[in-house]
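A quick write-up on the structure given underneath.
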Amino acid sequence: MSILTRPSPSVESLRRDPGAPHRHLDWSLLGLSLLLSCIGLAAIFSATKGSGPDPHTGMVARQLLALLLGLGLMAGFAFVDYRKLREWAVVFYPGALIMLAGVLVMGQNVKGAQAWFGFGPFQLQPSEPAKLALIITVSAYLSSHRHDLTPKRVIAALIIAGLPMGLILLQPDLGTVLVFVIVTLTLLAVVGVRARYLAALMVLGMLGTVAVLNSDLLAQYQRDRLLVFIERSSDRDNGLAESYNVDQSETAISLGGLTGRGWGKGPQTQDGRVPEQQTDFIFTVVGEELGFIGASAVLALFLVLSLRVLRVAQLAREDFGTLLCCGVLAMIMFQVFENVGMSMRIMPVTGIPLPFLSYGGSSMLTTCAGIGIVLSVHMHRFR
Amino acid sequence: MSAEQPALRVALVGIVVVSMFSALFARLYYLQVLRHTTVEEVFGGPRLREVSYEGVRGRILDRNGKVLVDNRESIVITIDRQQFAELEDPEGLELRLARALNGAGYPTKVSDVAARIEDPRYDPLKPVPIAEDVSNELETYLLERLYEFPSVDVVREQIRTYPLGTLAAHAVGYTGAINSEELKAREEDPKAYEPGDDIGKAGVERIFEGELRATPGRRTIEVDATEREIGTRSDVPSTPGSDLQLTIDADLQQHVEIKLQEALIAARKQTKRRPTDPDLRAPAGALVVLDASNAEVLAMASYPTYDPSEFIGGISVYRFNELNDPAAFFPFTNRAIQSLYSPGSTFKPFTAVAALERGVIAADEVITDNGSYELEDCTDTCVFQNAGGTRYGKIDVRRAMTVSSDVYFYRLGEQMWVKQDSFGQSAIQDTAREFGLGTVTGVQLPGEAAGLISDPAFKKARHDNNPTAFPFGEWFTGDNVNLAIGQGDVGVTPLQLANAYAALANGGTLHAPSVARALLDHDAGSVRRSYAARKTGAVSLPAAVRNPVVDGLSRVVSDKDGTAFGAFQGFPLSSFAVAGKTGTAEVPPKADTAIFAAFGPVPDARYVVVAVIEEAGFAAETAAPLVRQVFEWLAGIRPLAVPAPAPATAPTVGPPGPSSATTVTPSPTTPSPTTPTPPATTTPPQTVPATTAAPTTVATTAPPASTQPPTTLPPGPGTTAPQRSGAPLLLLPVAAAVGAAARRRLRRRDRSGTAAERPSCRS
């Protein structure tokens, strides 16, 4: 830390300060984010342009707007010292809880989930920013107690995580709750909670899942989605709509082959055979039209992104930064795994968007903000 | 992170991340690289649909090239289902279209339009026809207002047309929309069918379907996910079907049909001998003209007939039922090949051939006909009589034929059975079968009835099968005696009889009669394939056997004692000698069936003519004059006084109305109060309850398909033993006649001689 020992830095040297945050912007993270977002824009365009002579561009334009806002948000979080987030948590966390409670009262019900606030032509899904609030708050709590993690504290952390999860479960939005679960577990694991506690948690989680599945808490469609995955052999006979989604999605990806059908030329995509294609099943556009080469390139970009975030986690100046990075990593990567996995029928169908690619402003803003936090950890690793 | 191993925990997260991605990569590789080909085969490729459209069906010509069946353009109003489904106000369109159709004179209900649109039999990719064969005015009206009729279009299609009207309707047949059974049966047909396509339903339209049908055109179109057409990939035009040239001579056919109708009308005008006799309703008849040398059908008429043009665009259920009403006497039945008749005395030449060939009797051997014949070795009532007990004195085979002596043939029948050790158990039947009687002739027409020549084996099998209905399984001498004169369990079609006479006339060669002569290239006329005569058998007919028989038949018309002498008076027999035989078959309780079978010019006969008239009484008075008129045409004589009031516009369908039947009884449908019952002189070898026997009688060739218009018994009071009717129940009358005939063995079978000589009443 020789930089800190420097005596009075001159104006000249200030400008050249090698430890200045702006000198340590991680261009690779920014570039990866931009690249993935652009692929997403292209895929959304292909899926929504329609078959007429005048392509529909409305959704692409809105997504572009979301991306620009997201980049601004990313910049904001990047240049703010992440350590300030520890203090902001007391604002973010209650704010998230209020929004989540409020959406249950005032929100719009779309496709069976009370998950959206409507502002004129725009919608906000509060569970998305709530993911970041959870990451920040739990990371802050755990990092400040990381040397005396008594069971009581672990339980306290679980309660912090559990409140928003409970509210989201009431919407109900099982997929997002799953993201929260994974993020919380990752944070607990990284902070050093003993393996036996984690194991106990896993067992409890599984029992809880079984209990939830057998209770009335889940809507029938949610149970169907999960059961489609489990009872794959018989689903075709049952004619479940969920099975239809996955059939079409899997077919589209297979049709892509090695090199793909070409952008805007996928038969499944252009005929509109994959439901929810621009949102939850956006990966099928990539798979069908860009083929194995394009789809694996997208996955590779996500892999490089996550390794890069891990690297930042290791480079972090303090534990809080490491936890933040790991939380963001868990959030993004679990969503990628779940979303892409469900498109390829190795994961159950849950309404989780593919970060950067899926159409949806809330998701885009949250992902960008998350990357912004990681950038901040990277930029502020020296001061 | 625990103080001991901070980096390790982060690295563990990395390991988890990498493994998750490995799973995704693996799955992606499986789906896109390993499974790609399989999925591609099923789902890949452009979504192509084949739309086929029918081409021009081949025409049907007569032997001289006259067009019997042609095609013409028809204006069809269609609705495009896809566009219709997107309409905001589909009911409004249906209403407007129905109103336009009604206004143009095509009665249409809104529900008719809706039913067509919803009819699943039409190809979803093709517009649904709503109204066929509409006027030019309606076409113009609609085309000018298509904006008012969205999804409606007016197109032109080829449909059948019949330049000569109903001429040869039974031979030609008709076409109609293919039904699901036919569609299923033709799944593999090279000229693939689609719902709504036309297919031959009867006659040569049906038999030569494969040749007449055009090879359909195929348009391959590309469709999107909603099956909407987005482009054409390929378009293979259709090729027209072959023209079919028939053996039928349209002019002769025309003549024959007119004469048959006139003969029926004349037959109805006869006066009954006794008020208690059955009505002479003469509701139906058939006439066949064959080329004696090769069995080509030169004319084939069946009355009542129908109008094939009624089937264009689909016949209504109402009309179809009307035509199938028993009161209409089954116009769809081609009586020339589908109805079975007792041949009566027209069978005698074959009995004679059987006897002469086997030496049962010599040609010159004379027996004495005292008007009745008593069986030898018979314990019960065993006396068989000539009709009216007429005595013909000393007769040989020629004379027996000429005057139609039953006694002569009773004797032959008895001797052949009594001496079965020498002649076998089925001498008469064997000869009859050699002549093709009792089996299908193989004519190229659908639904031909096989007929029946009963024999001991058949009778036994029938008894074993149903002892209640047929209490006697044994073949009695009386059966053979009956058979010898063509009564009993004998049923033949007019065509069979004509074909048998053709073999007799040409010296013993049996052919499968043909109606098709050649296939011609469409409209070009060059012969693509010609159909040769099909020889199916040869009968041994040495001159010693044939000459006396033919001689006897010639005298039927030329000898003043001949049964048809009166009918042929004035006919130039010196230049065109005709040989023939009358037959008056009993079919109680109805009036007798009149049959005349003839060939000429003798000795090298070129033509065979057989006429059958149901419920017409004496053959000599009805069938024989009709055949004479046909021979006049064949001999090139045009009678001066041609009553030509009823050419092509003659009533085509339906029974002779009561108005035309000016018989003594008020209504032809009213039964005679007392049907003539025979004197109780019988110990019948079989007392067959005719009614119960009927359904179980014989399994004969059923008409091949459901498309064949149902042929059932004509109606009427006392339907116990009707003789006319279609194939399926054909033997009902025969079986019934057996019982009746057996009971009434003393009744004569044939009224011989001219009218003056005829007895004035029965027995």
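Residues are referred to by chain and number: the chain letter is A, B, ... according to the order shown in the structure tokens, the number counts from 1 in that chain, and ligands are numbered separately from 1 in the order shown.
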Worksheet entry | All residues 10 Å or closer to B:Met416, only C-alpha atoms, same chain fewer than 3 positions away omitted, as a ChimeraX atom specification | /B:354-355,358,360,411-413,419-428,477,480-481,484
Keeping only C-alpha atoms, write the selected residues to a file as a CSV table (one decimal), in the first residue's frame.
```
chain,number,residue,atom,x,y,z
B,354,ALA,CA,-77.8,-81.0,-73.3
B,355,ALA,CA,-80.0,-83.8,-74.5
B,358,ARG,CA,-75.7,-86.7,-74.6
B,360,VAL,CA,-80.8,-88.6,-74.6
B,411,ARG,CA,-89.6,-85.9,-71.0
B,412,LEU,CA,-86.0,-84.8,-71.5
B,413,GLY,CA,-85.8,-83.5,-68.0
B,419,LYS,CA,-80.8,-92.1,-66.2
B,420,GLN,CA,-78.4,-90.2,-64.1
B,421,ASP,CA,-75.9,-93.1,-64.2
B,422,SER,CA,-75.4,-92.3,-67.8
B,423,PHE,CA,-75.8,-88.5,-67.8
B,424,GLY,CA,-74.7,-87.5,-64.4
B,425,GLN,CA,-76.8,-85.6,-61.8
B,426,SER,CA,-76.5,-82.2,-63.5
B,427,ALA,CA,-76.6,-82.7,-67.2
B,428,ILE,CA,-78.8,-79.7,-67.9
B,477,THR,CA,-87.5,-85.8,-60.7
B,480,ASN,CA,-85.3,-81.7,-63.2
B,481,VAL,CA,-88.6,-81.5,-65.2
B,484,ALA,CA,-85.9,-78.4,-68.4
```
Item to complete: For chain B, work out the contacting residues on chain A at 8 Å, counting only C-alpha atoms, and write them as a ChimeraX atom specification.
Response: /A:146-147,186,189-192,250-251,253-258,267,271-273,291-292,295-296,299,303,306-307,310,313-314,319,326,333,337,340-341,344,346
Worksheet item: So which bits of stretch 2-74 of chain B end up strand (DSSP E or B) when you DSSP the backbone, as a list in words?
Response: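 Answer for stretch 2-74 of chain B restricted to strand (DSSP E or B) is Leu48, Arg49, Glu50, Val51, Ser52, Tyr53, Ile60, Leu61, Val67, Leu68, Val69, Asp70, Asn71, Arg72, Glu73 and Ser74 of chain B.
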Worksheet item: What is the distance between atom CA of B:Ala282 and atom CA of B:Tyr303, in Å to one decimal?
Response: 10.2 Å
Fill in: Sel. of alpha helix (DSSP H) residues, stretch 139-201 of chain A, as a PyMOL selection string
chain A and resi 139-144+151-170+174-191+195-201
Residues just named, written with N, CA and C atoms as a compact mmCIF listing (two decimals), in the first residue's frame:
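Output below, filename selection-v7.txt:
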```
# COMPACT_ATOMS: atom_id res chain seq x y z
N SER A 139 -24.79 -9.02 3.00
CA SER A 139 -23.33 -8.92 2.96
C SER A 139 -22.83 -8.00 4.07
N ALA A 140 -23.55 -6.89 4.24
CA ALA A 140 -23.13 -5.94 5.28
C ALA A 140 -23.20 -6.60 6.66
N TYR A 141 -24.33 -7.30 6.91
CA TYR A 141 -24.50 -7.93 8.23
C TYR A 141 -23.44 -9.00 8.46
N LEU A 142 -23.25 -9.86 7.48
CA LEU A 142 -22.32 -10.97 7.64
C LEU A 142 -20.88 -10.48 7.76
N SER A 143 -20.52 -9.47 6.93
CA SER A 143 -19.12 -9.02 6.96
C SER A 143 -18.80 -8.34 8.29
N SER A 144 -19.79 -7.70 8.86
CA SER A 144 -19.48 -7.03 10.13
C SER A 144 -19.43 -8.03 11.28
N PRO A 151 -24.52 -19.24 15.86
CA PRO A 151 -25.79 -19.68 15.24
C PRO A 151 -26.84 -18.59 15.28
N LYS A 152 -26.84 -17.80 16.37
CA LYS A 152 -27.83 -16.75 16.50
C LYS A 152 -27.69 -15.76 15.36
N ARG A 153 -26.46 -15.43 15.03
CA ARG A 153 -26.23 -14.45 13.97
C ARG A 153 -26.61 -15.03 12.61
N VAL A 154 -26.27 -16.28 12.45
CA VAL A 154 -26.65 -16.92 11.19
C VAL A 154 -28.17 -16.89 11.03
N ILE A 155 -28.86 -17.16 12.13
CA ILE A 155 -30.32 -17.12 12.07
C ILE A 155 -30.80 -15.72 11.78
N ALA A 156 -30.15 -14.72 12.38
CA ALA A 156 -30.50 -13.33 12.11
C ALA A 156 -30.36 -13.04 10.62
N ALA A 157 -29.23 -13.50 10.04
CA ALA A 157 -29.03 -13.29 8.59
C ALA A 157 -30.14 -13.97 7.79
N LEU A 158 -30.51 -15.17 8.25
CA LEU A 158 -31.57 -15.88 7.55
C LEU A 158 -32.90 -15.13 7.64
N ILE A 159 -33.11 -14.50 8.77
CA ILE A 159 -34.36 -13.73 8.91
C ILE A 159 -34.33 -12.53 7.98
N ILE A 160 -33.16 -11.84 7.94
CA ILE A 160 -33.03 -10.71 7.01
C ILE A 160 -33.37 -11.15 5.59
N ALA A 161 -32.84 -12.31 5.20
CA ALA A 161 -33.10 -12.80 3.85
C ALA A 161 -34.53 -13.31 3.73
N GLY A 162 -35.06 -13.85 4.81
CA GLY A 162 -36.35 -14.52 4.73
C GLY A 162 -37.52 -13.57 4.56
N LEU A 163 -37.42 -12.34 5.11
CA LEU A 163 -38.55 -11.42 5.02
C LEU A 163 -38.94 -11.11 3.58
N PRO A 164 -38.00 -10.60 2.76
CA PRO A 164 -38.39 -10.34 1.38
C PRO A 164 -38.81 -11.62 0.64
N MET A 165 -38.16 -12.74 0.98
CA MET A 165 -38.54 -13.98 0.30
C MET A 165 -39.99 -14.33 0.59
N GLY A 166 -40.38 -14.15 1.85
CA GLY A 166 -41.77 -14.44 2.20
C GLY A 166 -42.73 -13.57 1.42
N LEU A 167 -42.38 -12.27 1.30
CA LEU A 167 -43.26 -11.37 0.57
C LEU A 167 -43.35 -11.77 -0.91
N ILE A 168 -42.23 -12.17 -1.47
CA ILE A 168 -42.23 -12.55 -2.89
C ILE A 168 -43.03 -13.85 -3.09
N LEU A 169 -42.91 -14.72 -2.12
CA LEU A 169 -43.65 -15.98 -2.22
C LEU A 169 -45.16 -15.72 -2.22
N LEU A 170 -45.54 -14.58 -1.63
CA LEU A 170 -46.96 -14.27 -1.60
C LEU A 170 -47.47 -13.79 -2.96
N LEU A 174 -42.10 -17.94 -7.50
CA LEU A 174 -41.20 -18.96 -6.98
C LEU A 174 -39.78 -18.81 -7.50
N GLY A 175 -39.65 -18.44 -8.77
CA GLY A 175 -38.33 -18.36 -9.38
C GLY A 175 -37.45 -17.36 -8.66
N THR A 176 -38.02 -16.17 -8.41
CA THR A 176 -37.23 -15.14 -7.75
C THR A 176 -36.84 -15.57 -6.33
N VAL A 177 -37.75 -16.25 -5.65
CA VAL A 177 -37.43 -16.75 -4.32
C VAL A 177 -36.23 -17.69 -4.41
N LEU A 178 -36.22 -18.51 -5.45
CA LEU A 178 -35.09 -19.43 -5.63
C LEU A 178 -33.78 -18.66 -5.75
N VAL A 179 -33.82 -17.54 -6.51
CA VAL A 179 -32.61 -16.73 -6.65
C VAL A 179 -32.17 -16.24 -5.27
N PHE A 180 -33.12 -15.78 -4.47
CA PHE A 180 -32.80 -15.30 -3.12
C PHE A 180 -32.17 -16.39 -2.29
N VAL A 181 -32.71 -17.59 -2.41
CA VAL A 181 -32.19 -18.72 -1.63
C VAL A 181 -30.74 -18.98 -2.02
N ILE A 182 -30.49 -19.02 -3.33
CA ILE A 182 -29.14 -19.32 -3.79
C ILE A 182 -28.17 -18.23 -3.36
N VAL A 183 -28.60 -16.97 -3.52
CA VAL A 183 -27.72 -15.86 -3.14
C VAL A 183 -27.39 -15.95 -1.65
N THR A 184 -28.40 -16.19 -0.82
CA THR A 184 -28.18 -16.25 0.62
C THR A 184 -27.23 -17.39 0.99
N LEU A 185 -27.47 -18.54 0.40
CA LEU A 185 -26.60 -19.69 0.68
C LEU A 185 -25.17 -19.39 0.27
N THR A 186 -25.02 -18.77 -0.91
CA THR A 186 -23.67 -18.46 -1.38
C THR A 186 -22.97 -17.52 -0.39
N LEU A 187 -23.69 -16.48 0.03
CA LEU A 187 -23.09 -15.53 0.96
C LEU A 187 -22.69 -16.22 2.26
N LEU A 188 -23.58 -17.09 2.76
CA LEU A 188 -23.26 -17.80 4.00
C LEU A 188 -22.04 -18.68 3.81
N ALA A 189 -21.98 -19.35 2.66
CA ALA A 189 -20.85 -20.24 2.42
C ALA A 189 -19.54 -19.46 2.32
N VAL A 190 -19.60 -18.34 1.58
CA VAL A 190 -18.37 -17.59 1.35
C VAL A 190 -17.89 -16.94 2.66
N VAL A 191 -18.84 -16.51 3.47
CA VAL A 191 -18.41 -15.82 4.68
C VAL A 191 -17.84 -16.80 5.70
N ALA A 195 -19.68 -25.78 7.69
CA ALA A 195 -20.28 -26.68 6.69
C ALA A 195 -21.49 -27.38 7.27
N ARG A 196 -21.45 -27.74 8.57
CA ARG A 196 -22.57 -28.51 9.12
C ARG A 196 -23.84 -27.66 9.17
N TYR A 197 -23.63 -26.32 9.44
CA TYR A 197 -24.82 -25.46 9.42
C TYR A 197 -25.42 -25.40 8.01
N LEU A 198 -24.49 -25.27 7.06
CA LEU A 198 -24.98 -25.21 5.68
C LEU A 198 -25.72 -26.48 5.30
N ALA A 199 -25.15 -27.60 5.72
CA ALA A 199 -25.80 -28.88 5.40
C ALA A 199 -27.18 -28.93 6.03
N ALA A 200 -27.25 -28.48 7.29
CA ALA A 200 -28.55 -28.48 7.96
C ALA A 200 -29.54 -27.59 7.21
N LEU A 201 -29.03 -26.45 6.74
CA LEU A 201 -29.88 -25.53 5.98
C LEU A 201 -30.42 -26.18 4.72
```
Worksheet entry | Given only C-alpha atoms as the counted atoms, nearest of B:Val128, B:Ala100, B:Ala295, B:Ala202 to B:Ala115 | B:Val128
Worksheet item: atom CA of B:Arg233 and atom CA of A:Gly50 are how many Å apart?
Response: 22.4 Å
Fill in: Using only C-alpha atoms: which of A:Leu41, A:Val210, A:Leu354, A:Gly52 has the shortest distance to A:Leu65
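So, comparing all the options, the nearest one is A:Leu41.
Near stretch 128-132 of chain A, within 7 Å and counting only C-alpha atoms, sit Ala96, Gln125, Pro126, Leu134, Ile135, Ile136, Phe180, Ser362, Ser363, Thr366 and Gly370 of chain A; same-chain residues fewer than 2 positions away were not included.
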